[in-house]
Amino acid sequence: MTTTMTGRAPSALEATPAEIAAKAAAARRAAAVWRRATIKQRVTALRAVWKALAARREEIRAVVHEETGKPLVEVDLMELGAAGLLVDWMTSVAPRVLGDKAASKPWSLFNKRAYERRVPRGVIGLITPWNMPFLIPFGDAFAAMLAGNAVLLKPSEWTTKTALWLEHAVAATSLLPEGLLSVVPGGGAAGEAVIDATDMIVFTGSTKTGRCVAVRAAGQLKPSVLELGGKHPMIVLADASLERAASAATWAACSNAGQVCVGVERVFVEAEVYERFVELIRPKVAALRQKLDGVDADLGRMVFPPLLDRITEQLEDARKKGARVIGGEVLDRENLMIAPALVLDARMDMKIMTEESFGPVIPIMKVARAEEAVALANAGSEGLAASVWTTDLAKGEALAAALEVGLVGVNEPASHYAFGSLPFGGMKQSGMGRRHGEEGLLAFTQSQSVLVHEWPASAPDLWWFPYNEKKAGFLRKLMGLP
Ligand code: NAD
């Protein structure tokens, strides 16, 4: 892929190996202090941290808008609003999820106490993308710290300022041990150094980079959670509310200028309602207001310059293969503005139906029946998000169950992230492991199984030395052996 130069550039900040080592050492010191805090103390401190950050909402809006160009409503909704919902859920369940759990025991071991304790992993490395520069780093760092860890955050080089704002704002609260959350600016090399310096990696980004991250972490026997790319198939049945489905497709493909991992990337519509669906969606896409200033705008700009070329290439490929393309013009290359595009009469041999676009494009393909779309979707290598649209909820839920994706919606496009209680992640090449949900919190810990001998205080256990036949007979009976 060729990259056309534009006026926008990634941050030149690149942490040196010595700086990374110093931050990692500080994070280890902070983690040693923080792990001794009770869960209740961590909940109290982190709630207060969130309150202090939320009070600086205008600064977050400004820095995120500057780095991404996203409409201010979207900063409020997707970056801050969703963060607040995650904080509420995580802090309300943390004492139960992360607390000690009594384990059941065999009756013959009645004089011992058994329980499972969740132990923090130490220092968590977060490697994050540019599309949600506040929400993704903040949400994962919050969960990691709630579970008792320190965090080294390597943000995308395209959104370094937002991450540095977060680091400084958290430090300014003086509510957490110094160095508990540190930012390591830079590109791939800094990312690799963070993998080497930490105990667990949570990577969010492309499938291509995710594979390199997984290999590097595995080589050091470090666990990694990978949140990668997707190709959301939206499957519209003939009995769907076409009005809601058309609005949903427009929003879920074009919000954040299409730069959403779970956003709708292709629409399959049952043949008998295809024309009607197209009729409904055309004016909705045409009505989108695209502006750079973030106010009263539905759509802003792209963040990552190569996307302009990727999308243009995909549209050109579709056009050449017979699709009707409406929109999709590059409006302002310097400012990375591309008009939203509808791709009608799309087919599976077009790149736009199988390769992640990550832009405001809506390819629409006619299918005879929804089951055909399910089979086409499952034939792909990605498995992040999908949705089914029908007024027959039972049928919709059955089709949803057949889709090989981690996140699925019925008459619902892509709001899973706001439900902290729902595990979030992909199947197949869209990822490994999950953030959010109880399993997402638990992933930041390891279990430690604790056995306590309660009584008698000084006598040895019966099955210790010396062995003899009489003892063996008694133990056999005790353990129910024939
Ligand atoms: P990317 O893979 O280019 O970069 C992600 C991060 O990895 C950046 O911080 C980058 O500097 C770093 N990196 C690059 N090379 C590295 C290396 N060798 N070792 C360690 N780190 C390295 O992705 P991107 O363009 O920033 O983000 C867009 C992608 O992210 C899309 O594919 C999108 O679908 C995906 N995404 C997924 C989710 C999810 O939850 N599944 C959420 C948001 C975005």
# chains A, B, ... in the order shown; residues from 1 in each chain; ligands from 1
$ residues_near_ligand --ligand "ligand 1" --cutoff "8 Å" --atoms "only C-alpha atoms and all ligand atoms" --output "VMD selection string"
chain A and resid 127 to 132 136 154 to 158 186 to 195 203 to 210 212 to 213 226 to 230 259 to 262 304 356 358 384 424 to 426 430 to 431
$ residues_around --residues "range 31-45 of chain A" --least-positions-apart "2" --cutoff "10 Å" --atoms "only C-alpha atoms" --output "PDB file with N, CA, C and O atoms, in the first residue's frame"
ATOM      1  N   ALA A  25      11.010   0.238  36.245  1.00  0.00           N
ATOM      2  CA  ALA A  25      11.459   0.055  37.638  1.00  0.00           C
ATOM      3  C   ALA A  25      10.511   0.794  38.591  1.00  0.00           C
ATOM      4  O   ALA A  25      10.131   0.268  39.655  1.00  0.00           O
ATOM      5  N   ALA A  26      10.106   1.999  38.204  1.00  0.00           N
ATOM      6  CA  ALA A  26       9.171   2.767  39.043  1.00  0.00           C
ATOM      7  C   ALA A  26       7.830   2.045  39.137  1.00  0.00           C
ATOM      8  O   ALA A  26       7.191   2.003  40.209  1.00  0.00           O
ATOM      9  N   ALA A  27       7.401   1.462  38.010  1.00  0.00           N
ATOM     10  CA  ALA A  27       6.122   0.725  38.007  1.00  0.00           C
ATOM     11  C   ALA A  27       6.217  -0.478  38.952  1.00  0.00           C
ATOM     12  O   ALA A  27       5.269  -0.783  39.681  1.00  0.00           O
ATOM     13  N   ARG A  28       7.364  -1.145  38.967  1.00  0.00           N
ATOM     14  CA  ARG A  28       7.519  -2.312  39.876  1.00  0.00           C
ATOM     15  C   ARG A  28       7.473  -1.868  41.334  1.00  0.00           C
ATOM     16  O   ARG A  28       6.859  -2.539  42.171  1.00  0.00           O
ATOM     17  N   ARG A  29       8.103  -0.735  41.606  1.00  0.00           N
ATOM     18  CA  ARG A  29       8.063  -0.240  42.995  1.00  0.00           C
ATOM     19  C   ARG A  29       6.626   0.100  43.381  1.00  0.00           C
ATOM     20  O   ARG A  29       6.148  -0.229  44.467  1.00  0.00           O
ATOM     21  N   ARG A  47     -12.044   5.220  42.248  1.00  0.00           N
ATOM     22  CA  ARG A  47     -13.274   6.011  41.998  1.00  0.00           C
ATOM     23  C   ARG A  47     -12.942   7.499  42.089  1.00  0.00           C
ATOM     24  O   ARG A  47     -13.417   8.299  41.282  1.00  0.00           O
ATOM     25  N   ALA A  48     -12.121   7.834  43.071  1.00  0.00           N
ATOM     26  CA  ALA A  48     -11.765   9.251  43.243  1.00  0.00           C
ATOM     27  C   ALA A  48     -10.916   9.735  42.065  1.00  0.00           C
ATOM     28  O   ALA A  48     -11.052  10.879  41.621  1.00  0.00           O
ATOM     29  N   VAL A  49     -10.066   8.864  41.548  1.00  0.00           N
ATOM     30  CA  VAL A  49      -9.259   9.239  40.379  1.00  0.00           C
ATOM     31  C   VAL A  49     -10.191   9.546  39.211  1.00  0.00           C
ATOM     32  O   VAL A  49     -10.061  10.569  38.534  1.00  0.00           O
ATOM     33  N   TRP A  50     -11.181   8.665  38.993  1.00  0.00           N
ATOM     34  CA  TRP A  50     -12.105   8.899  37.870  1.00  0.00           C
ATOM     35  C   TRP A  50     -12.860  10.208  38.057  1.00  0.00           C
ATOM     36  O   TRP A  50     -13.055  10.981  37.112  1.00  0.00           O
ATOM     37  N   LYS A  51     -13.289  10.468  39.289  1.00  0.00           N
ATOM     38  CA  LYS A  51     -14.034  11.706  39.552  1.00  0.00           C
ATOM     39  C   LYS A  51     -13.170  12.930  39.183  1.00  0.00           C
ATOM     40  O   LYS A  51     -13.647  13.875  38.555  1.00  0.00           O
ATOM     41  N   VAL A  87     -16.289   2.248  34.747  1.00  0.00           N
ATOM     42  CA  VAL A  87     -15.868   2.494  36.134  1.00  0.00           C
ATOM     43  C   VAL A  87     -16.958   2.026  37.100  1.00  0.00           C
ATOM     44  O   VAL A  87     -16.685   1.328  38.089  1.00  0.00           O
ATOM     45  N   MET A  90     -17.145  -1.913  37.057  1.00  0.00           N
ATOM     46  CA  MET A  90     -15.949  -2.580  37.601  1.00  0.00           C
ATOM     47  C   MET A  90     -15.813  -2.361  39.104  1.00  0.00           C
ATOM     48  O   MET A  90     -15.510  -3.296  39.847  1.00  0.00           O
ATOM     49  N   THR A  91     -16.049  -1.124  39.541  1.00  0.00           N
ATOM     50  CA  THR A  91     -15.848  -0.881  40.970  1.00  0.00           C
ATOM     51  C   THR A  91     -16.961  -1.520  41.806  1.00  0.00           C
ATOM     52  O   THR A  91     -16.750  -1.865  42.961  1.00  0.00           O
ATOM     53  N   SER A  92     -18.138  -1.708  41.188  1.00  0.00           N
ATOM     54  CA  SER A  92     -19.205  -2.330  41.984  1.00  0.00           C
ATOM     55  C   SER A  92     -18.987  -3.837  42.148  1.00  0.00           C
ATOM     56  O   SER A  92     -19.369  -4.406  43.157  1.00  0.00           O
ATOM     57  N   VAL A  93     -18.368  -4.474  41.172  1.00  0.00           N
ATOM     58  CA  VAL A  93     -18.204  -5.939  41.285  1.00  0.00           C
ATOM     59  C   VAL A  93     -16.825  -6.369  41.792  1.00  0.00           C
ATOM     60  O   VAL A  93     -16.642  -7.530  42.168  1.00  0.00           O
ATOM     61  N   ALA A  94     -15.869  -5.449  41.791  1.00  0.00           N
ATOM     62  CA  ALA A  94     -14.488  -5.852  42.120  1.00  0.00           C
ATOM     63  C   ALA A  94     -14.378  -6.587  43.465  1.00  0.00           C
ATOM     64  O   ALA A  94     -13.702  -7.626  43.535  1.00  0.00           O
ATOM     65  N   PRO A  95     -15.013  -6.101  44.534  1.00  0.00           N
ATOM     66  CA  PRO A  95     -14.837  -6.808  45.808  1.00  0.00           C
ATOM     67  C   PRO A  95     -15.270  -8.275  45.718  1.00  0.00           C
ATOM     68  O   PRO A  95     -14.603  -9.148  46.268  1.00  0.00           O
ATOM     69  N   ARG A  96     -16.365  -8.527  45.010  1.00  0.00           N
ATOM     70  CA  ARG A  96     -16.824  -9.914  44.892  1.00  0.00           C
ATOM     71  C   ARG A  96     -15.932 -10.718  43.940  1.00  0.00           C
ATOM     72  O   ARG A  96     -15.475 -11.816  44.258  1.00  0.00           O
ATOM     73  N   LEU A  98     -12.856 -10.119  42.763  1.00  0.00           N
ATOM     74  CA  LEU A  98     -11.421 -10.234  43.073  1.00  0.00           C
ATOM     75  C   LEU A  98     -11.163 -10.707  44.508  1.00  0.00           C
ATOM     76  O   LEU A  98     -10.013 -10.931  44.888  1.00  0.00           O
ATOM     77  N   GLY A  99     -12.236 -10.831  45.284  1.00  0.00           N
ATOM     78  CA  GLY A  99     -12.055 -11.246  46.682  1.00  0.00           C
ATOM     79  C   GLY A  99     -11.736 -12.724  46.820  1.00  0.00           C
ATOM     80  O   GLY A  99     -11.905 -13.507  45.869  1.00  0.00           O
ATOM     81  N   VAL A 119      -4.190 -12.987  42.870  1.00  0.00           N
ATOM     82  CA  VAL A 119      -2.943 -12.245  43.070  1.00  0.00           C
ATOM     83  C   VAL A 119      -2.669 -11.400  41.820  1.00  0.00           C
ATOM     84  O   VAL A 119      -2.723 -11.928  40.698  1.00  0.00           O
ATOM     85  N   PRO A 120      -2.352 -10.130  41.996  1.00  0.00           N
ATOM     86  CA  PRO A 120      -2.053  -9.312  40.810  1.00  0.00           C
ATOM     87  C   PRO A 120      -0.854  -9.879  40.053  1.00  0.00           C
ATOM     88  O   PRO A 120       0.019 -10.507  40.646  1.00  0.00           O
ATOM     89  N   ARG A 121      -0.820  -9.604  38.736  1.00  0.00           N
ATOM     90  CA  ARG A 121       0.291 -10.146  37.941  1.00  0.00           C
ATOM     91  C   ARG A 121       1.559  -9.331  38.092  1.00  0.00           C
ATOM     92  O   ARG A 121       2.644  -9.816  37.823  1.00  0.00           O
ATOM     93  N   GLY A 122       1.443  -8.058  38.453  1.00  0.00           N
ATOM     94  CA  GLY A 122       2.640  -7.216  38.610  1.00  0.00           C
ATOM     95  C   GLY A 122       2.524  -5.967  37.779  1.00  0.00           C
ATOM     96  O   GLY A 122       1.775  -5.056  38.111  1.00  0.00           O
ATOM     97  N   VAL A 123       3.251  -5.934  36.659  1.00  0.00           N
ATOM     98  CA  VAL A 123       3.180  -4.763  35.776  1.00  0.00           C
ATOM     99  C   VAL A 123       2.557  -5.210  34.451  1.00  0.00           C
ATOM    100  O   VAL A 123       3.021  -6.156  33.819  1.00  0.00           O
ATOM    101  N   ILE A 124       1.493  -4.527  34.075  1.00  0.00           N
ATOM    102  CA  ILE A 124       0.773  -4.865  32.833  1.00  0.00           C
ATOM    103  C   ILE A 124       1.214  -3.914  31.726  1.00  0.00           C
ATOM    104  O   ILE A 124       1.235  -2.692  31.918  1.00  0.00           O
ATOM    105  N   MET A 145      -5.321  -1.782  37.237  1.00  0.00           N
ATOM    106  CA  MET A 145      -4.967  -1.208  38.546  1.00  0.00           C
ATOM    107  C   MET A 145      -5.946  -1.667  39.625  1.00  0.00           C
ATOM    108  O   MET A 145      -5.554  -1.937  40.763  1.00  0.00           O
ATOM    109  N   LEU A 146      -7.219  -1.773  39.253  1.00  0.00           N
ATOM    110  CA  LEU A 146      -8.216  -2.259  40.208  1.00  0.00           C
ATOM    111  C   LEU A 146      -7.831  -3.661  40.702  1.00  0.00           C
ATOM    112  O   LEU A 146      -8.023  -4.019  41.871  1.00  0.00           O
ATOM    113  N   ALA A 147      -7.262  -4.441  39.794  1.00  0.00           N
ATOM    114  CA  ALA A 147      -6.854  -5.804  40.151  1.00  0.00           C
ATOM    115  C   ALA A 147      -5.511  -5.816  40.889  1.00  0.00           C
ATOM    116  O   ALA A 147      -5.003  -6.889  41.223  1.00  0.00           O
ATOM    117  N   GLY A 148      -4.928  -4.639  41.117  1.00  0.00           N
ATOM    118  CA  GLY A 148      -3.732  -4.566  41.965  1.00  0.00           C
ATOM    119  C   GLY A 148      -2.412  -4.434  41.234  1.00  0.00           C
ATOM    120  O   GLY A 148      -1.349  -4.603  41.830  1.00  0.00           O
ATOM    121  N   ASN A 149      -2.466  -4.117  39.937  1.00  0.00           N
ATOM    122  CA  ASN A 149      -1.238  -4.032  39.138  1.00  0.00           C
ATOM    123  C   ASN A 149      -0.814  -2.591  38.874  1.00  0.00           C
ATOM    124  O   ASN A 149      -1.612  -1.662  39.007  1.00  0.00           O
ATOM    125  N   ALA A 150       0.430  -2.451  38.407  1.00  0.00           N
ATOM    126  CA  ALA A 150       0.874  -1.196  37.804  1.00  0.00           C
ATOM    127  C   ALA A 150       0.740  -1.344  36.292  1.00  0.00           C
ATOM    128  O   ALA A 150       0.573  -2.458  35.781  1.00  0.00           O
ATOM    129  N   VAL A 151       0.824  -0.223  35.588  1.00  0.00           N
ATOM    130  CA  VAL A 151       0.600  -0.240  34.136  1.00  0.00           C
ATOM    131  C   VAL A 151       1.675   0.564  33.407  1.00  0.00           C
ATOM    132  O   VAL A 151       1.992   1.686  33.806  1.00  0.00           O
ATOM    133  N   THR A 173      -3.548  13.687  40.770  1.00  0.00           N
ATOM    134  CA  THR A 173      -4.508  13.411  41.848  1.00  0.00           C
ATOM    135  C   THR A 173      -3.779  12.988  43.133  1.00  0.00           C
ATOM    136  O   THR A 173      -4.349  13.082  44.219  1.00  0.00           O
ATOM    137  N   SER A 174      -2.554  12.521  43.013  1.00  0.00           N
ATOM    138  CA  SER A 174      -1.759  12.015  44.159  1.00  0.00           C
ATOM    139  C   SER A 174      -2.512  10.938  44.941  1.00  0.00           C
ATOM    140  O   SER A 174      -2.291  10.771  46.137  1.00  0.00           O
ATOM    141  N   LEU A 175      -3.403  10.239  44.276  1.00  0.00           N
ATOM    142  CA  LEU A 175      -4.213   9.226  44.973  1.00  0.00           C
ATOM    143  C   LEU A 175      -3.625   7.820  44.837  1.00  0.00           C
ATOM    144  O   LEU A 175      -4.050   6.898  45.515  1.00  0.00           O
ATOM    145  N   LEU A 176      -2.673   7.676  43.916  1.00  0.00           N
ATOM    146  CA  LEU A 176      -2.113   6.345  43.651  1.00  0.00           C
ATOM    147  C   LEU A 176      -0.600   6.401  43.880  1.00  0.00           C
ATOM    148  O   LEU A 176       0.002   7.479  43.789  1.00  0.00           O
ATOM    149  N   PRO A 177       0.029   5.255  44.135  1.00  0.00           N
ATOM    150  CA  PRO A 177       1.489   5.276  44.289  1.00  0.00           C
ATOM    151  C   PRO A 177       2.158   5.870  43.048  1.00  0.00           C
ATOM    152  O   PRO A 177       1.689   5.630  41.926  1.00  0.00           O
ATOM    153  N   GLU A 178       3.232   6.603  43.252  1.00  0.00           N
ATOM    154  CA  GLU A 178       3.912   7.258  42.139  1.00  0.00           C
ATOM    155  C   GLU A 178       4.387   6.215  41.122  1.00  0.00           C
ATOM    156  O   GLU A 178       4.979   5.209  41.513  1.00  0.00           O
ATOM    157  N   GLY A 179       4.109   6.445  39.873  1.00  0.00           N
ATOM    158  CA  GLY A 179       4.586   5.532  38.821  1.00  0.00           C
ATOM    159  C   GLY A 179       3.661   4.355  38.573  1.00  0.00           C
ATOM    160  O   GLY A 179       3.985   3.465  37.786  1.00  0.00           O
ATOM    161  N   LEU A 180       2.489   4.334  39.202  1.00  0.00           N
ATOM    162  CA  LEU A 180       1.573   3.196  39.007  1.00  0.00           C
ATOM    163  C   LEU A 180       1.063   3.153  37.563  1.00  0.00           C
ATOM    164  O   LEU A 180       0.837   2.088  37.014  1.00  0.00           O
ATOM    165  N   LEU A 181       0.896   4.319  36.969  1.00  0.00           N
ATOM    166  CA  LEU A 181       0.492   4.379  35.552  1.00  0.00           C
ATOM    167  C   LEU A 181       1.490   5.274  34.820  1.00  0.00           C
ATOM    168  O   LEU A 181       1.554   6.474  35.088  1.00  0.00           O
TER     169      LEU A 181
END
$ closest_residue --among "A:Asp76, A:Glu67, A:Asp298, A:Glu275" --to "Asp345 in chain A" --atoms "only C-alpha atoms"
A:Glu275
$ atom_distance --atom1 "CA of Ala248 in chain A" --atom2 "CA of Ser421 in chain A"
23.1 Å
$ residues_around --residues "Ala377 in chain A" --least-positions-apart "5" --cutoff "10 Å" --atoms "only C-alpha atoms" --output "compact mmCIF listing (two decimals) with all heavy atoms, in the first residue's frame"
# COMPACT_ATOMS: atom_id res chain seq x y z
N LYS A 231 -14.55 -7.45 10.78
CA LYS A 231 -15.22 -7.14 9.51
C LYS A 231 -16.72 -7.32 9.69
O LYS A 231 -17.36 -8.13 9.00
CB LYS A 231 -14.65 -8.06 8.41
CG LYS A 231 -15.07 -7.69 6.99
CD LYS A 231 -14.40 -6.44 6.46
CE LYS A 231 -15.04 -5.95 5.17
NZ LYS A 231 -14.65 -4.56 4.84
N HIS A 232 -17.28 -6.62 10.67
CA HIS A 232 -18.68 -6.74 11.08
C HIS A 232 -19.65 -6.98 9.91
O HIS A 232 -19.92 -6.08 9.11
CB HIS A 232 -19.08 -5.47 11.81
CG HIS A 232 -20.45 -5.50 12.43
ND1 HIS A 232 -20.70 -4.91 13.65
CD2 HIS A 232 -21.65 -6.00 12.02
CE1 HIS A 232 -21.99 -5.06 13.94
NE2 HIS A 232 -22.58 -5.72 12.97
N PRO A 233 -20.23 -8.17 9.81
CA PRO A 233 -21.31 -8.37 8.85
C PRO A 233 -22.63 -8.02 9.51
O PRO A 233 -22.97 -8.54 10.57
CB PRO A 233 -21.23 -9.87 8.55
CG PRO A 233 -20.60 -10.49 9.76
CD PRO A 233 -19.86 -9.42 10.51
N MET A 234 -23.39 -7.14 8.86
CA MET A 234 -24.73 -6.80 9.36
C MET A 234 -25.70 -7.54 8.43
O MET A 234 -25.65 -7.36 7.22
CB MET A 234 -24.93 -5.29 9.26
CG MET A 234 -26.32 -4.83 9.55
SD MET A 234 -26.35 -3.02 9.55
CE MET A 234 -28.05 -2.74 10.03
N ILE A 235 -26.53 -8.38 9.01
CA ILE A 235 -27.39 -9.25 8.19
C ILE A 235 -28.84 -8.81 8.36
O ILE A 235 -29.41 -8.90 9.46
CB ILE A 235 -27.18 -10.72 8.61
CG1 ILE A 235 -25.68 -11.08 8.46
CG2 ILE A 235 -28.06 -11.65 7.76
CD1 ILE A 235 -25.31 -12.45 8.97
N ARG A 266 -19.87 -4.27 6.44
CA ARG A 266 -20.55 -4.78 5.23
C ARG A 266 -21.98 -5.16 5.63
O ARG A 266 -22.22 -5.60 6.76
CB ARG A 266 -19.82 -5.98 4.65
CG ARG A 266 -19.49 -7.00 5.73
CD ARG A 266 -18.49 -8.03 5.29
NE ARG A 266 -18.07 -8.85 6.42
CZ ARG A 266 -17.54 -10.05 6.30
NH1 ARG A 266 -17.37 -10.59 5.13
NH2 ARG A 266 -17.18 -10.73 7.37
N PHE A 268 -25.40 -7.34 4.48
CA PHE A 268 -26.02 -8.35 3.63
C PHE A 268 -27.53 -8.18 3.79
O PHE A 268 -28.03 -8.22 4.93
CB PHE A 268 -25.64 -9.76 4.09
CG PHE A 268 -24.16 -10.07 3.97
CD1 PHE A 268 -23.31 -9.93 5.06
CD2 PHE A 268 -23.63 -10.52 2.77
CE1 PHE A 268 -21.95 -10.24 4.95
CE2 PHE A 268 -22.28 -10.84 2.65
CZ PHE A 268 -21.43 -10.69 3.74
N MET A 353 -15.47 -6.26 0.68
CA MET A 353 -16.33 -7.19 1.41
C MET A 353 -15.55 -8.14 2.33
O MET A 353 -16.14 -8.84 3.14
CB MET A 353 -17.17 -8.02 0.43
CG MET A 353 -18.27 -7.22 -0.24
SD MET A 353 -19.47 -6.53 0.93
CE MET A 353 -20.42 -7.99 1.36
N THR A 354 -14.22 -8.17 2.16
CA THR A 354 -13.46 -9.13 2.96
C THR A 354 -12.30 -8.50 3.74
O THR A 354 -11.87 -9.04 4.76
CB THR A 354 -12.88 -10.25 2.06
OG1 THR A 354 -12.17 -9.63 0.99
CG2 THR A 354 -13.98 -11.14 1.52
N GLU A 371 -29.25 -17.07 5.88
CA GLU A 371 -28.34 -18.18 6.16
C GLU A 371 -27.13 -18.14 5.22
O GLU A 371 -26.03 -18.53 5.61
CB GLU A 371 -29.05 -19.54 6.02
CG GLU A 371 -30.03 -19.87 7.14
CD GLU A 371 -31.34 -19.09 7.11
OE1 GLU A 371 -31.59 -18.34 6.13
OE2 GLU A 371 -32.11 -19.20 8.08
N GLU A 372 -27.36 -17.64 4.00
CA GLU A 372 -26.25 -17.50 3.06
C GLU A 372 -25.22 -16.50 3.60
O GLU A 372 -24.01 -16.73 3.55
CB GLU A 372 -26.81 -17.02 1.71
CG GLU A 372 -25.78 -16.90 0.61
CD GLU A 372 -26.32 -16.12 -0.60
OE1 GLU A 372 -27.55 -16.13 -0.84
OE2 GLU A 372 -25.51 -15.50 -1.30
N GLU A 382 -11.84 -13.50 10.25
CA GLU A 382 -12.04 -12.63 11.40
C GLU A 382 -13.33 -13.00 12.13
O GLU A 382 -14.23 -13.62 11.54
CB GLU A 382 -12.05 -11.15 11.01
CG GLU A 382 -13.16 -10.73 10.07
CD GLU A 382 -13.05 -11.35 8.69
OE1 GLU A 382 -12.03 -11.15 8.03
OE2 GLU A 382 -14.00 -12.06 8.30
N GLY A 383 -13.44 -12.64 13.41
CA GLY A 383 -14.64 -13.01 14.17
C GLY A 383 -14.85 -12.08 15.35
O GLY A 383 -14.94 -12.52 16.50
N ALA A 386 -20.77 -8.93 14.85
CA ALA A 386 -21.74 -9.16 13.78
C ALA A 386 -23.11 -8.78 14.32
O ALA A 386 -23.30 -8.68 15.55
CB ALA A 386 -21.75 -10.63 13.35
N LEU A 403 -23.21 -17.47 14.37
CA LEU A 403 -22.13 -16.62 13.86
C LEU A 403 -20.86 -16.80 14.70
O LEU A 403 -20.92 -16.75 15.95
CB LEU A 403 -22.59 -15.15 13.89
CG LEU A 403 -23.50 -14.77 12.73
CD1 LEU A 403 -24.34 -13.54 13.07
CD2 LEU A 403 -22.68 -14.50 11.46
N GLU A 404 -19.73 -16.97 14.04
CA GLU A 404 -18.47 -17.22 14.76
C GLU A 404 -17.80 -15.89 15.10
O GLU A 404 -16.79 -15.50 14.53
CB GLU A 404 -17.56 -18.08 13.88
CG GLU A 404 -18.12 -19.48 13.67
CD GLU A 404 -17.47 -20.21 12.50
OE1 GLU A 404 -16.55 -19.68 11.87
OE2 GLU A 404 -17.93 -21.33 12.21
N VAL A 405 -18.42 -15.18 16.06
CA VAL A 405 -17.89 -13.89 16.49
C VAL A 405 -18.00 -13.80 18.01
O VAL A 405 -18.84 -14.46 18.62
CB VAL A 405 -18.67 -12.71 15.87
CG1 VAL A 405 -18.44 -12.61 14.37
CG2 VAL A 405 -20.17 -12.82 16.18
$ residues_around --residues "Ser182 in chain A" --least-positions-apart "6" --cutoff "7 Å" --atoms "only C-alpha atoms" --output "NGL selection string"
:A and (23 or 151-153 or 167)
$ residues_around --residues "range 391-401 of chain A" --least-positions-apart "3" --cutoff "12 Å" --atoms "only C-alpha atoms" --output "VMD selection string"
chain A and resid 233 to 242 244 to 245 369 to 375 377 to 378 385 to 388 404 to 412
$ atom_distance --atom1 "CA of Asp199 in chain A" --atom2 "CA of Ala82 in chain A"
27.3 Å
$ select_by_dssp --residues "range 85-218 of chain A" --states "strand (DSSP E)" --output "PyMOL selection string"
chain A and resi 101-102+112-120+123-127+150-154+181-183+200-204
$ closest_residue --among "A:Arg276, A:Lys321, A:Lys222, A:Lys161" --to "Ser11 in chain A" --atoms "only C-alpha atoms"
A:Lys161
$ residues_around --residues "Ser224 in chain A" --least-positions-apart "2" --cutoff "8 Å" --atoms "only C-alpha atoms" --output "ChimeraX atom specification"
/A:200-203,214,217-218,222,226,432-433
$ write_last_selection --atoms "N, CA, C and O atoms" --output "compact mmCIF listing (two decimals), in the first residue's frame"
# COMPACT_ATOMS: atom_id res chain seq x y z
N MET A 200 2.50 -9.05 31.62
CA MET A 200 1.36 -9.46 30.80
C MET A 200 1.08 -8.33 29.82
O MET A 200 1.27 -7.16 30.15
N ILE A 201 0.64 -8.70 28.61
CA ILE A 201 0.38 -7.69 27.58
C ILE A 201 -1.09 -7.69 27.22
O ILE A 201 -1.67 -8.76 26.99
N VAL A 202 -1.66 -6.50 27.14
CA VAL A 202 -2.97 -6.37 26.50
C VAL A 202 -2.75 -5.51 25.27
O VAL A 202 -2.37 -4.34 25.38
N PHE A 203 -2.91 -6.11 24.13
CA PHE A 203 -2.66 -5.41 22.88
C PHE A 203 -3.98 -5.17 22.15
O PHE A 203 -4.78 -6.09 21.98
N ALA A 214 1.98 -11.33 19.97
CA ALA A 214 1.72 -12.63 20.60
C ALA A 214 2.97 -13.50 20.57
O ALA A 214 3.31 -14.17 21.55
N ALA A 217 5.56 -12.17 23.11
CA ALA A 217 5.15 -12.46 24.50
C ALA A 217 5.28 -13.96 24.79
O ALA A 217 5.79 -14.36 25.84
N ALA A 218 4.85 -14.78 23.83
CA ALA A 218 4.90 -16.23 24.05
C ALA A 218 6.34 -16.70 24.22
O ALA A 218 6.61 -17.60 25.03
N LYS A 222 4.90 -15.07 28.52
CA LYS A 222 4.04 -14.06 29.15
C LYS A 222 2.66 -14.14 28.53
O LYS A 222 2.54 -14.26 27.31
N LEU A 226 -5.28 -10.28 23.16
CA LEU A 226 -5.19 -9.59 21.87
C LEU A 226 -6.57 -9.17 21.41
O LEU A 226 -7.48 -10.00 21.29
N MET A 432 -7.54 -12.97 21.05
CA MET A 432 -7.41 -14.04 22.05
C MET A 432 -7.69 -13.40 23.39
O MET A 432 -7.20 -12.31 23.66
N GLY A 433 -8.47 -14.09 24.22
CA GLY A 433 -8.76 -13.54 25.53
C GLY A 433 -9.83 -12.46 25.44
O GLY A 433 -10.33 -12.14 24.35
$ residues_around --residues "Asp140 in chain A" --least-positions-apart "3" --cutoff "9 Å" --atoms "only C-alpha atoms" --output "ChimeraX atom specification"
/A:126,135-137,143-145,202,435-436
$ atom_distance --atom1 "CA of Phe138 in chain A" --atom2 "CA of Leu166 in chain A"
7.7 Å
